[in-house]
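Colleague: Let me give you the structure first, and then I'll get to my questions.
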Amino acid sequence: MRGDREDDGGGHSVLTAGDARIAQILAAVPATGFRPLIEGDTEPADEVVQRVLEDLGPRVHGGVLLLDPPSARLPIVLGKLARLVVVACSSPSRTGALAAQLAASGLDNVRLSTFLGADQATGGFEAIVALRLASDEQRADIAALLTLDGAAVMPADGLVFARRLQRLMHTADGDLVFEDLDLTTFRPLLGDLLVESGFVLRQEVDAAAQRARAAGVPLGQELLRNGIVREDDLHRALARQARLPFVDTARVLPRLDTELVRLVPRKYLDHYHFVPVCRTRRGVVVVTSEVDLPAWEIASVFEAVEVSVELTTPTDLKRIWTAIDLGYVGGGKSAAATPIEPIEDLSPVANAADSRTTGLFDAILLDAVAERASDIHLELQADGARLRFRVDGSLHDVSRYQLPIEEVVPLVNVVKLAANLDIAERRAPQGGRIRSGVGRRSYDLRVQTQPTLHGENLVIRILPQGQRPPTIEELGFPPECAERYRRLLREPNGLLLVVGATGSGKSTTLYAGLQLLARDTTRKVITIEDPIEFVLDGIQQAQVNPAVHFHFADAMRVFVREDPDVILVGEVRDAETALETIRASQTGHLVLATMHCNDSVDAVQRLADLGMQRNSIASELSAVIAQRLARRICTSCRVETQAPAAVLAELFPGGAPPDLRCYRGAGCERCNGSGTRGRVAVVEFLEVGPELRRAIARGALVDDLREQAWVAGMKSLRDNALLLVQDGVISADELYDVLSSEQMHG
């Protein structure tokens with residue numbers, strides 16, 4: 001077959017069967033199965049190789065000269081395409097190593113030769129591919145070896161085969177013509193893949209790329225360290241870039257052969273970050289968290305002809321090891337004897353509890369982190385325990401763990417010991433915390449026990465540490481609300497409240513504002529929090545400490561004497577804290593705080609219920625942001641759909657607008673079939689103007705205040721939720737979880 005391109009009649013270049021043949025051969029001879037001849041050599045990307053071979057066209061099928069390949073891979077690929085392939089190396093060591101690799105290929109049309117000399121006896125080559133040049137003079141040597149109408153491809157600069165290549169044509173008239181080949185579009189960049197997939201914004205990639213260059217770290221590491229991209233999304237993009245299949249634990253465990261795992265020492269597997277999965281007819285399948293796995297070495301270890309590499313996340317790789325160690329593979333006990341490395345702060349527990357129980361907690365925690373869970377719920381029942389994870393705000397059962405009663409009590413004790421709780425006390429609720437390392441991330445685990453009819457239940461809140469909080473844009477604020485929020489943060493004084501139910505992202509919204517305040521070096525910002533969820537440079541952060549009687553109100557009294565410009569209060573939950581918050585605002589500070597309320601107008605009544613004077617509330621309250629969290633439609637499987645009739649009837653009793661568009665997630669691998677991934681804030685923004693201040697001071701009823709707020713232009717939760725439905729961010733069904741029946745009616 002030929003690798004020509006033909007015209008489709010419209011001036012466009014279309015691929016013929018020859019191009020498919022090149023792609024098939026490249027796929028059948030993966031680069032991961034070959035060891036570099038010289039340390040540091042790398043294989044050119046498949047996209048580049050295919051483009052070069054397509055450019056050389058039918059010449060590739062004649063006599064080909066290949067100079068200084070990094071391994072035997074390209075000689076074998078060309079040997080499957082060309083009549084004759086002569087491979088010349090610039091050093092004896094490279095030639096010897098290449099001969100050893102070619103010995104097993106079985107190809108009789110691939111020959112080794114010196115760079116110049118005997119090759120000239122062939123009468124010239126129709127195609128020459130030079131992967132590196134020892135000197136510029138070698139360009140003339142290559143030209144002398146081309147037949148008439150022959151072509152060569154070589155580095156354009158730097159003397160190394162890279163993105164910028166040069167083509168040398170020996171025309172039928174005897175002329176030599178040099179042309180540049182631009183291959184920049186044939187190797188997708190990681191940042192481009194992440195932006196294209198919707199995982200990050202372009203400006204985030206550009207900013208992270210600058211920081212990564214300054215710190216000398218890979219872009220992916222910088223994005224992950226700052227919490228800009230999720231671990232699984234990053235590795236999906238890396239897999240796509242390297243043309244490797246991406247797999248998770250569920251796709252690996254059913255195929256995993258523990259006998260194969262036992263063939264190699266655990267230290268070796270940990271060193272290269274991979275697990276052998278199973279054998280195939282020609283080789284072995286391995287799963288790894290590293291893109292540059294030395295598959296050539298692994299092939300020799302397992303005496304395999306081919307090594308098929310699959311990419312997973314570091315967290316999922318650890319989950320696989322945990323499943324092996326706990327015997328959750330193959331329906332019985334695993335023979336792997338080495339336990340997984342215990343989670344930080346659990347090592348003292350190993351002396352007090354069975355190591356398998358500690359490993360079980362490790363496994364549950366790893367699974368929760370891998371599934372992006374915010375909470376773990378262990379609930380005791382008459383015949384066992386029910387394990388559930390809260391993901392994107394919804395609880396779902398984790399059925400892969402069958403926990404009989406005799407395993408549950410030791411498991412609860414392991415967690416209580418790690419959280420410094422009293423394991424002998426089972427009649428009263430207890431709360432504690434654990435600092436844990438999972439994969440490359442640190443987590444703060446907030447543990448709460450609750451005695452029930454059948455025993456102690458556990459709830460573990462998972463708080464990632466060290467990541468960057470989302471920005472205002474990433475929260476999903478409408479542009480108008482986002483701009484008003486930024487403007488309020490520039491106010492010299494006043495009280496800004498963010499209200500909502502537990503877990504509605506109130507603190508996250510304040511952190512988004514704190515990031516803007518941290519950039520202003522002319523203002524001092526102090527926070528009192530419980531807990532500190534994100535650590536921000538340029539902000540003075542303190543944490544509540546009941547052990548020394550340091551609470552929110554205590555902190556506020558101290559803070560006003562430290563000359564701050566902005567004070568953040570983690571939560572206004574009692575009259576004392578509310579009073580100190582109002583006083584701080586009255587003394588010329590901008591105060592940011594959260595409070596539990598159903599909507600923005602309810603916040604006024606809540607402050608009054610805490611004993612605050614209506615005149616003080618009216619004069620100091622600048623704005624209230626009420627919010628809910630809704631599940632985002634997965635961008636990878638979003639499709640347009642019809643809104644449920646029941647939802648439309650409740651939203652629009654008089655009939656839905658004709659231009660209303662609704663979407664849903666069809667379910668895909670990225671969202672585990674749920675159709676949703678991540679959450680977005682649905683907000684109600686109440687800015688307190690003159691008319692509303694007078695109404696608050698007069699003691700107007702909540703309903704009257706709400707009417708006044710609408711007249712003043714407040715965008716309600718319902719209005720902003722419908723905008724998100726129309727834009728395809730959330731589904732119409734999600735409105736039931738965001739709006740009350742009264743709010744649905746408007």
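Labeling convention for the structure tokens: chains A, B, ... as they appear, residues from 1 per chain, ligands from 1 in order of appearance.
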Tell me, which residues of range 91-327 of chain A carry DSSP helix (DSSP H, G or I), written as a PyMOL selection string?
Modeller: chain A and resi 92-102+118-122+137-145+184-186+190-196+202-215+219-225+231-242+249-255+258-261+266-272+295-301+314-325
Colleague: Skipping near chain neighbours, those fewer than 3 positions away, what residues fall within 7 Å of range 665-677 of chain A using only C-alpha atoms, listed as a ChimeraX atom specification?
Modeller: /A:631-634,637-639
Colleague: Between CA of Leu168 in chain A and CA of Asp149 in chain A, what distance in Å does the model show, to one decimal?
Modeller: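 So the answer is 10.2 Å.
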Colleague: Considering only strand (DSSP E) as DSSP defines it on the backbone, what residues of range 405-437 of chain A qualify? List them as a list in words.
Modeller: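 Filtering range 405-437 of chain A to strand (DSSP E) leaves Gln430, Gly431, Gly432, Arg433, Ile434, Arg435, Ser436 and Gly437 of chain A.
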Colleague: For Arg279 in chain A, list every protein, DNA or RNA residue within 9 Å, evaluated using only C-alpha atoms, and leave out those in the same chain fewer than 3 positions away; present the list as a list in words.
Modeller: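 Listed by chain and then number, they are Asp257, Leu260, Pro276, Arg282, Gly283, Val284, Val285 and Ala304 of chain A.
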Colleague: Would you pick out the contacts of Leu717 in chain A at 6 Å or less, using only C-alpha atoms, so that residues sharing its chain but fewer than 4 positions from it are not included, and give the list as a list in words?
Modeller: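 The filter keeps Val683, Glu684 and Ala721 of chain A.
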Colleague: Tell me which protein, DNA and RNA residues are within 8 Å of range 559-568 of chain A, counting only C-alpha atoms, leaving out same-chain ones fewer than 2 positions away, and put them as number ranges by chain.
Modeller: A: 492, 523-529, 555-557, 570, 584, 588-593
Colleague: Can you pull out the residues contacting Gln381 in chain A? Cut-off 10 Å, using only C-alpha atoms, and skip same-chain residues under 6 positions away; I want them as a short mmCIF file (atom, residue, chain, number, x, y, z; two decimals) with all heavy atoms, in the first residue's frame.
Modeller:
data_model
loop_
_atom_site.label_atom_id
_atom_site.label_comp_id
_atom_site.auth_asym_id
_atom_site.auth_seq_id
_atom_site.Cartn_x
_atom_site.Cartn_y
_atom_site.Cartn_z
N PRO A 404 -19.09 -7.45 58.19
CA PRO A 404 -19.84 -8.07 59.28
C PRO A 404 -19.57 -7.36 60.59
O PRO A 404 -18.58 -6.63 60.74
CB PRO A 404 -19.31 -9.51 59.30
CG PRO A 404 -17.95 -9.42 58.70
CD PRO A 404 -18.01 -8.31 57.69
N ILE A 405 -20.44 -7.59 61.57
CA ILE A 405 -20.34 -6.91 62.86
C ILE A 405 -18.98 -7.12 63.51
O ILE A 405 -18.39 -6.21 64.09
CB ILE A 405 -21.46 -7.39 63.81
CG1 ILE A 405 -22.82 -6.83 63.34
CG2 ILE A 405 -21.19 -6.96 65.24
CD1 ILE A 405 -22.93 -5.34 63.48
N THR A 452 -25.73 4.59 68.54
CA THR A 452 -27.05 4.28 68.02
C THR A 452 -27.52 2.96 68.62
O THR A 452 -26.82 2.34 69.42
CB THR A 452 -27.03 4.17 66.48
OG1 THR A 452 -26.24 3.04 66.11
CG2 THR A 452 -26.47 5.43 65.84
N LEU A 453 -28.68 2.51 68.18
CA LEU A 453 -29.25 1.29 68.71
C LEU A 453 -28.32 0.10 68.52
O LEU A 453 -28.19 -0.77 69.40
CB LEU A 453 -30.60 1.01 68.01
CG LEU A 453 -31.30 -0.31 68.35
CD1 LEU A 453 -31.67 -0.34 69.83
CD2 LEU A 453 -32.52 -0.49 67.47
N HIS A 454 -27.61 0.03 67.36
CA HIS A 454 -26.79 -1.13 67.04
C HIS A 454 -25.30 -0.91 67.29
O HIS A 454 -24.51 -1.83 67.05
CB HIS A 454 -27.00 -1.53 65.57
CG HIS A 454 -28.41 -1.89 65.24
ND1 HIS A 454 -29.03 -3.01 65.74
CD2 HIS A 454 -29.34 -1.25 64.48
CE1 HIS A 454 -30.27 -3.07 65.29
NE2 HIS A 454 -30.49 -2.01 64.52
N GLY A 455 -24.90 0.24 67.77
CA GLY A 455 -23.49 0.49 68.02
C GLY A 455 -23.10 1.89 67.57
O GLY A 455 -23.96 2.74 67.28
N ASN A 457 -21.84 4.73 65.17
CA ASN A 457 -21.71 5.14 63.78
C ASN A 457 -20.53 6.11 63.64
O ASN A 457 -20.17 6.80 64.59
CB ASN A 457 -22.97 5.82 63.28
CG ASN A 457 -24.11 4.83 63.06
OD1 ASN A 457 -23.94 3.63 63.28
ND2 ASN A 457 -25.25 5.33 62.64
#
Colleague: Go through A:Leu84, A:Val688, A:Leu366, A:Ile25 one by one, measure the shortest atom-to-atom distance of each to Leu496 in chain A using only C-alpha atoms, and give the residue with the smallest value.
Modeller: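 Closest to Leu496 in chain A of all the choices is A:Val688.
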Colleague: Which residue, A:Arg51, A:Leu37, A:Leu145, A:Ile364, has the smallest gap to Ala72 in chain A when you use only C-alpha atoms?
Modeller: A:Leu37
Colleague: Between A:Val286, A:Leu165, A:Leu66, A:Ile22, single out the one closest to Leu81 in chain A, counting only C-alpha atoms.
Modeller: A:Ile22
Colleague: Given only C-alpha atoms as the basis, pick out the residue of A:Asp392, A:Asp248, A:Asp719, A:Glu650 nearest to Asp367 in chain A.
Modeller: A:Asp248
Colleague: Distance CA of Val398 in chain A-CA of Pro531 in chain A, one decimal place?
Modeller: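 Computing it gives 27.9 Å between the two atoms.
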Colleague: Pick out the closest residue to Gln203 in chain A from this set: A:Glu290, A:Asp68, A:Glu306, A:Glu473. Count only C-alpha atoms.
Modeller: A:Glu473
Colleague: For a test of reading the model, state the distance in Å between CA of Ser636 in chain A and CA of Leu234 in chain A, rounded to one decimal.
Modeller: 14.7 Å
Colleague: Nearest residue to Ala482 in chain A out of A:Ala143, A:Ile625, A:Ser507, A:Arg435, using only C-alpha atoms?
Modeller: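 Once distances to Ala482 in chain A are computed over only C-alpha atoms, the minimum belongs to A:Ile625.
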